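Data block for start_7.cif (mmCIF, C-alpha atoms):
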data_protein
loop_
_atom_site.label_atom_id
_atom_site.label_comp_id
_atom_site.auth_asym_id
_atom_site.auth_seq_id
_atom_site.Cartn_x
_atom_site.Cartn_y
_atom_site.Cartn_z
CA MET A 968 34.32 -107.72 150.45
CA HIS A 969 33.14 -109.21 147.16
CA THR A 970 34.69 -112.64 147.43
CA ASN A 971 33.64 -115.66 149.44
CA ASN A 972 37.23 -116.59 150.12
CA ILE A 973 39.69 -115.54 152.79
CA ALA A 974 43.41 -115.44 152.06
CA PHE A 975 45.75 -116.08 154.99
CA LYS A 976 49.30 -114.89 154.38
CA TYR A 977 52.36 -117.02 154.99
CA GLU A 978 55.92 -115.82 155.30
CA THR A 979 57.38 -115.52 151.79
CA ASN A 980 60.67 -114.06 150.62
CA ALA A 981 60.32 -111.20 148.16
CA ASP A 982 62.78 -112.87 145.79
CA GLU A 983 60.73 -116.05 145.85
CA ILE A 984 57.90 -114.55 143.80
CA GLU A 985 60.43 -113.61 141.12
CA ALA A 986 61.71 -117.18 140.92
CA THR A 987 60.49 -119.58 138.26
CA ARG A 988 56.83 -120.18 138.99
CA ARG A 989 55.76 -123.69 138.16
CA ILE A 990 52.40 -125.44 138.24
CA CYS A 991 52.42 -129.22 138.38
CA ILE A 992 49.05 -130.88 137.80
CA VAL A 993 48.90 -134.46 139.05
CA SER A 994 46.00 -136.57 137.81
CA GLY A 995 45.22 -139.79 135.99
CA ASN A 996 42.75 -137.81 133.92
CA GLN A 997 45.25 -136.34 131.47
CA LEU A 998 42.63 -134.71 129.26
CA GLU A 999 41.27 -132.66 132.14
CA SER A 1000 44.71 -131.79 133.50
CA GLN A 1001 45.93 -130.67 130.07
CA LEU A 1002 42.89 -128.43 129.69
CA ILE A 1003 43.64 -126.89 133.09
CA ALA A 1004 47.28 -126.39 132.05
CA LEU A 1005 46.24 -124.63 128.83
CA LYS A 1006 43.96 -122.31 130.81
CA LEU A 1007 46.71 -121.43 133.29
CA LYS A 1008 49.28 -120.84 130.54
CA LYS A 1009 46.91 -118.61 128.59
CA SER A 1010 45.56 -116.64 131.56
CA MET A 1011 48.64 -116.36 133.78
CA ASP A 1012 51.61 -117.26 131.58
CA LEU A 1013 52.68 -120.02 133.95
CA GLN A 1014 54.97 -122.96 133.28
CA CYS A 1015 52.73 -126.03 133.60
CA THR A 1016 53.49 -129.73 133.77
CA CYS A 1017 50.97 -132.58 133.72
CA LEU A 1018 51.87 -135.82 135.51
CA LYS A 1019 50.05 -139.11 135.88
CA MET A 1020 51.85 -139.69 139.17
CA ILE A 1021 54.61 -138.30 141.40
CA SER A 1022 57.80 -139.92 140.12
CA ILE A 1023 61.26 -140.15 141.68
CA GLU A 1024 62.41 -137.40 139.32
CA GLU A 1025 59.64 -135.12 140.54
CA GLN A 1026 60.51 -135.90 144.14
CA ILE A 1027 64.07 -134.72 143.50
CA LEU A 1028 62.76 -131.40 142.15
CA LEU A 1029 61.30 -130.67 145.58
CA ASN A 1030 64.81 -129.79 146.70
CA TYR A 1031 65.13 -126.94 144.21
CA ASN A 1032 64.18 -123.33 144.89
CA ASP A 1033 61.56 -122.86 142.22
CA LEU A 1034 58.16 -121.71 143.41
CA CYS A 1035 55.88 -124.63 142.62
CA VAL A 1036 52.19 -125.29 143.20
CA TYR A 1037 51.19 -128.94 142.97
CA LEU A 1038 47.56 -129.23 141.89
CA LEU A 1039 46.40 -132.66 143.01
CA ASP A 1040 43.27 -134.32 141.68
CA PHE A 1041 41.28 -135.25 144.79
CA ASN A 1042 39.65 -138.11 142.90
CA ASP A 1043 43.02 -139.73 142.18
CA LEU A 1044 45.22 -139.14 145.24
CA LYS A 1045 46.16 -142.77 145.88
CA ASN A 1046 46.79 -143.76 142.27
CA THR A 1047 49.06 -140.77 141.62
CA ASN A 1048 51.13 -141.13 144.80
CA ALA A 1049 49.92 -137.64 145.71
CA GLU A 1050 49.25 -138.63 149.32
CA TRP A 1051 53.00 -139.15 149.70
CA LEU A 1052 53.62 -135.62 148.42
CA MET A 1053 51.10 -134.14 150.87
CA ASN A 1054 52.61 -135.92 153.87
CA TYR A 1055 56.21 -135.25 152.79
CA THR A 1056 55.77 -131.52 152.25
CA SER A 1057 53.70 -131.23 155.42
CA ALA A 1058 56.41 -132.89 157.53
CA LEU A 1059 59.31 -130.88 156.08
CA ASP A 1060 57.39 -127.63 155.43
CA ILE A 1061 59.43 -127.07 152.25
CA GLU A 1062 59.57 -123.38 151.40
CA GLY A 1063 58.17 -122.50 148.00
CA VAL A 1064 56.40 -125.85 147.52
CA TYR A 1065 52.64 -125.51 147.87
CA VAL A 1066 49.88 -128.09 147.54
CA ALA A 1067 46.30 -127.49 146.41
CA LEU A 1068 43.48 -129.95 145.86
CA TYR A 1069 40.94 -129.73 143.08
CA ASN A 1070 37.84 -131.80 142.26
CA VAL A 1071 37.11 -131.88 145.99
CA LYS A 1072 33.64 -133.22 146.75
CA ARG A 1073 31.44 -130.84 148.67
CA ASN A 1074 30.23 -133.46 151.14
CA ILE A 1075 33.60 -134.65 152.46
CA ASP A 1076 35.08 -134.02 155.90
CA ILE A 1077 36.99 -130.79 155.25
CA GLN A 1078 38.62 -130.82 158.68
CA LYS A 1079 40.80 -133.79 157.79
CA LEU A 1080 42.10 -131.93 154.76
CA VAL A 1081 42.92 -128.62 156.44
CA GLN A 1082 44.71 -130.47 159.23
CA ASN A 1083 47.50 -131.16 156.72
CA LYS A 1084 49.54 -127.95 156.74
CA ALA A 1085 50.91 -128.67 153.25
CA ILE A 1086 47.50 -127.87 151.77
CA ARG A 1087 47.32 -124.21 150.77
CA GLY A 1088 44.11 -124.33 148.75
CA ILE A 1089 40.95 -126.33 148.13
CA PHE A 1090 38.89 -126.13 144.94
CA TYR A 1091 35.54 -127.87 144.74
CA GLN A 1092 34.15 -129.79 141.81
CA ASN A 1093 32.56 -127.41 139.31
CA ASP A 1094 34.15 -124.29 140.80
CA PRO A 1095 33.99 -121.54 138.13
CA ALA A 1096 37.18 -120.74 136.22
CA GLU A 1097 37.48 -117.24 137.66
CA ILE A 1098 37.49 -118.61 141.22
CA PHE A 1099 40.07 -121.22 140.27
CA LEU A 1100 42.40 -118.65 138.67
CA LYS A 1101 42.03 -116.22 141.56
CA GLY A 1102 42.83 -119.01 143.99
CA ILE A 1103 45.99 -120.01 142.12
CA LYS A 1104 47.19 -116.39 142.10
CA THR A 1105 46.60 -116.21 145.84
CA ILE A 1106 48.51 -119.43 146.55
CA LEU A 1107 51.45 -118.24 144.40
CA LYS A 1108 51.69 -115.22 146.72
CA GLY A 1109 52.22 -117.61 149.62
CA GLU A 1110 48.69 -117.24 150.95
CA LEU A 1111 46.04 -119.78 151.88
CA TRP A 1112 42.91 -120.09 149.73
CA LEU A 1113 39.85 -121.35 151.60
CA THR A 1114 36.18 -120.52 151.22
CA ARG A 1115 34.14 -119.07 154.04
CA LYS A 1116 32.05 -122.24 153.94
CA ILE A 1117 35.12 -124.31 154.79
CA LEU A 1118 35.90 -122.07 157.77
CA SER A 1119 32.27 -122.25 158.89
CA LYS A 1120 32.28 -126.05 158.72
CA CYS A 1121 35.42 -126.20 160.83
CA LEU A 1122 33.97 -123.80 163.39
CA LEU A 1123 30.50 -125.36 163.66
CA SER A 1124 31.49 -129.00 163.63
CA PRO A 1125 32.16 -130.64 167.03
CA LYS A 1126 34.98 -132.68 165.43
CA ILE A 1127 37.82 -130.21 165.49
CA PRO A 1128 41.14 -131.56 164.11
CA LEU A 1129 43.94 -132.78 166.38
CA GLY A 1130 41.68 -135.11 168.31
CA GLY A 1131 39.84 -132.64 170.50
CA THR A 1132 37.49 -129.70 170.72
CA LEU A 1133 38.43 -126.06 170.72
CA ASN A 1134 39.36 -125.09 174.26
CA ASN A 1135 38.33 -121.68 175.58
CA ASN A 1136 40.16 -122.15 178.88
CA VAL A 1137 43.35 -120.61 177.52
CA ILE A 1138 45.07 -117.60 179.02
CA LEU A 1139 46.85 -115.42 176.47
CA SER A 1140 48.81 -112.32 177.29
CA LEU A 1141 47.69 -108.98 175.89
CA ARG A 1142 50.50 -109.05 173.31
CA GLU A 1143 49.64 -112.62 172.31
CA LYS A 1144 46.00 -111.60 171.80
CA GLU A 1145 47.12 -108.67 169.62
CA ILE A 1146 49.28 -110.95 167.49
CA LEU A 1147 46.56 -113.59 167.21
CA LYS A 1148 44.10 -110.94 166.01
CA CYS A 1149 46.62 -109.96 163.33
CA VAL A 1150 47.01 -113.60 162.28
CA ALA A 1151 43.23 -113.93 162.03
CA THR A 1152 43.08 -110.99 159.61
CA GLY A 1153 45.67 -112.62 157.33
CA ALA A 1154 48.76 -110.70 158.44
CA SER A 1155 52.14 -112.28 157.74
CA ASN A 1156 54.99 -112.35 160.27
CA LYS A 1157 56.55 -109.36 158.52
CA ASP A 1158 53.26 -107.46 158.65
CA ILE A 1159 52.96 -108.11 162.38
CA ALA A 1160 56.58 -107.11 163.02
CA ARG A 1161 56.11 -103.83 161.18
CA LYS A 1162 52.79 -103.03 162.84
CA MET A 1163 54.06 -103.71 166.36
CA SER A 1164 57.64 -102.48 165.84
CA ILE A 1165 59.14 -105.76 166.98
CA SER A 1166 61.59 -108.17 165.37
CA LEU A 1167 60.64 -111.17 163.27
CA HIS A 1168 62.28 -113.38 165.87
CA THR A 1169 60.00 -111.92 168.55
CA VAL A 1170 56.94 -112.51 166.38
CA LYS A 1171 57.92 -116.13 165.81
CA THR A 1172 58.50 -116.62 169.53
CA HIS A 1173 55.05 -115.24 170.34
CA LEU A 1174 53.46 -117.44 167.66
CA TYR A 1175 55.22 -120.50 169.04
CA ASN A 1176 53.82 -119.73 172.50
CA ILE A 1177 50.34 -119.07 171.10
CA PHE A 1178 50.25 -122.32 169.14
CA ARG A 1179 51.53 -124.21 172.18
CA LYS A 1180 48.89 -122.75 174.50
CA LEU A 1181 46.08 -123.38 172.02
CA ASN A 1182 47.46 -126.83 171.13
CA VAL A 1183 47.27 -126.08 167.39
CA PRO A 1184 49.89 -126.65 164.66
CA ASN A 1185 49.34 -123.72 162.32
CA ARG A 1186 47.78 -120.35 161.50
CA LEU A 1187 44.52 -121.81 160.24
CA GLN A 1188 43.79 -123.65 163.47
CA ALA A 1189 44.75 -120.56 165.49
CA THR A 1190 42.42 -118.49 163.33
CA LEU A 1191 39.55 -120.91 163.98
CA TRP A 1192 40.16 -120.51 167.71
CA ALA A 1193 40.22 -116.73 167.38
CA PHE A 1194 36.94 -116.71 165.44
CA ALA A 1195 35.32 -118.90 168.10
CA TYR A 1196 36.60 -117.20 171.26
CA MET A 1197 37.82 -113.73 170.25
CA PRO A 1198 34.84 -112.31 168.33
CA ASP A 1199 35.98 -108.74 168.97
#
Turn this file's structure into structure tokens for me.
Amino acid sequence: MHTNNIAFKYETNADEIEATRRICIVSGNQLESQLIALKLKKSMDLQCTCLKMISIEEQILLNYNDLCVYLLDFNDLKNTNAEWLMNYTSALDIEGVYVALYNVKRNIDIQKLVQNKAIRGIFYQNDPAEIFLKGIKTILKGELWLTRKILSKCLLSPKIPLGGTLNNNVILSLREKEILKCVATGASNKDIARKMSISLHTVKTHLYNIFRKLNVPNRLQATLWAFAYMPD
């Protein structure tokens, strides 16, 4: 593998990728955001919008079916009302609305960020353009863009999200272990269903039981557990 990033797949409708793909860059630094927009338009032919803050009009657009990635300037989250967007989309899990942070400082507590399930990607300050573009493409596919360093920090730090440490005293069935291994490799629900010849409903039921037993809210946290306690 030639990249330092791992892409975790999320369930995405095939028609969704064909919908209008929109990038919304939210930052008080309009010069920087406009330069990013120009790069994305030129390299990926994407519809880009630059906002100084999340307005009521933009909030209404969240109810539409366009595929939209909100690029939020980490340095300006409070001033742009971007924290509201992160919490809102995390609570409702709006399909086709993805959030990514850029200008993230390398010395911050990454665990607090990845705990918010709305966040599909993290880009550090001074990340090269090719990494940034590759990450955006990955997020538009419905996948999660995180560096191996982020995963390592989450695994090695004693402060695991959700107010506790990873618990190895969990009993999973053989089928649950098989599904969790698939999740850890980046397989989507559809991938798992096809591989195991089971229905999507059955996959979702197994995932619900897995997350409940592990006391985790999402695929990323389940993957961290698998990396820590299912090395095989």
Near Asp1040 (chain A), within 9 Å and counting only C-alpha atoms, which residues show up once chain neighbours fewer than 3 positions away are dropped, as an MDAnalysis selection string?
chainID A and resid 992:996 1000 1043:1044 1047 1049 1067:1071
Taken to one decimal, the CA of Leu1034 (chain A)-CA of Arg988 (chain A) distance is 4.9 Å
- [ ] Give as JSON, numbers by chain the residues that the PyMOL selection byres ((chain A and resi 1181) around 9) matches when applied to the coordinates above.
- [x] {"A": [1133, 1134, 1135, 1137, 1176, 1177, 1178, 1179, 1180, 1182, 1183, 1184, 1188, 1189, 1192]}
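Minimum atom-to-atom distances from A:Leu1113, A:Leu1052, A:Gln1001, A:Glu1143 to Lys1101 (chain A) were compared using all atoms listed in the file, and the lowest value belongs to A:Leu1113.
Atom pair CA of Ile1106 (chain A) / CA of Gly1088 (chain A): separated by 6.9 Å.
Restricting the calculation to all atoms listed in the file, the smallest distance between Gly1063 (chain A) and any of A:Glu1110, A:Ile1077, A:Ala1160, A:His1168 is found for A:Glu1110.
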| task | Please write as an MDAnalysis selection string the full residue list that the PyMOL selection byres ((chain A and resi 1065) around 8) yields on this file. | result | chainID A and resid 1035:1037 1063:1064 1066:1067 1085:1087 1106
Save out the residues we just selected, C-alpha atoms, as a PDB file, in the coordinates of the input.
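Result file follows (part_20.pdb):
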ATOM      1  CA  CYS A1035      55.880-124.630 142.620  1.00  0.00           C
ATOM      2  CA  VAL A1036      52.190-125.290 143.200  1.00  0.00           C
ATOM      3  CA  TYR A1037      51.190-128.940 142.970  1.00  0.00           C
ATOM      4  CA  GLY A1063      58.170-122.500 148.000  1.00  0.00           C
ATOM      5  CA  VAL A1064      56.400-125.850 147.520  1.00  0.00           C
ATOM      6  CA  VAL A1066      49.880-128.090 147.540  1.00  0.00           C
ATOM      7  CA  ALA A1067      46.300-127.490 146.410  1.00  0.00           C
ATOM      8  CA  ALA A1085      50.910-128.670 153.250  1.00  0.00           C
ATOM      9  CA  ILE A1086      47.500-127.870 151.770  1.00  0.00           C
ATOM     10  CA  ARG A1087      47.320-124.210 150.770  1.00  0.00           C
ATOM     11  CA  ILE A1106      48.510-119.430 146.550  1.00  0.00           C
TER      12      ILE A1106
END
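Here the question is which of A:Trp1112, A:Thr1016, A:Asn1048, A:Ala1151 gets nearest to Met1197 (chain A) using all atoms listed in the file, and that residue is A:Ala1151.
Across the structure, CA of Thr1056 (chain A) and CA of Leu1013 (chain A) are spaced 21.8 Å apart.
Once the PyMOL selection byres ((chain A and resi 1015) around 6) is applied to the depicted file, the selected set reads Arg989, Ile990, Cys991, Ala1004, Gln1014 and Thr1016 of chain A.
For the residues A:Leu1002, A:Val1150, A:Ser1140, A:Lys1157, ranking by smallest atom-to-atom distance to Leu1187 (chain A) using all atoms listed in the file places A:Val1150 first.
Compared by their closest atoms to Leu1038 (chain A), and using all atoms listed in the file, the residues A:Cys1149, A:Leu998, A:Ile1075, A:Ile1089 rank with A:Ile1089 nearest.
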Review point. Near Leu1100 (chain A), within 9 Å and counting all atoms listed in the file, which residues show up once chain neighbours fewer than 3 positions away are dropped, as an MDAnalysis selection string?
Key: chainID A and resid 1006:1007 1010:1011 1095:1097 1103:1105
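With only C-alpha atoms as the atoms that count, the minimum distance from Ile1003 (chain A) to the choices A:Cys1017, A:Phe1194, A:Glu1050, A:Arg1073 is reached by A:Cys1017.
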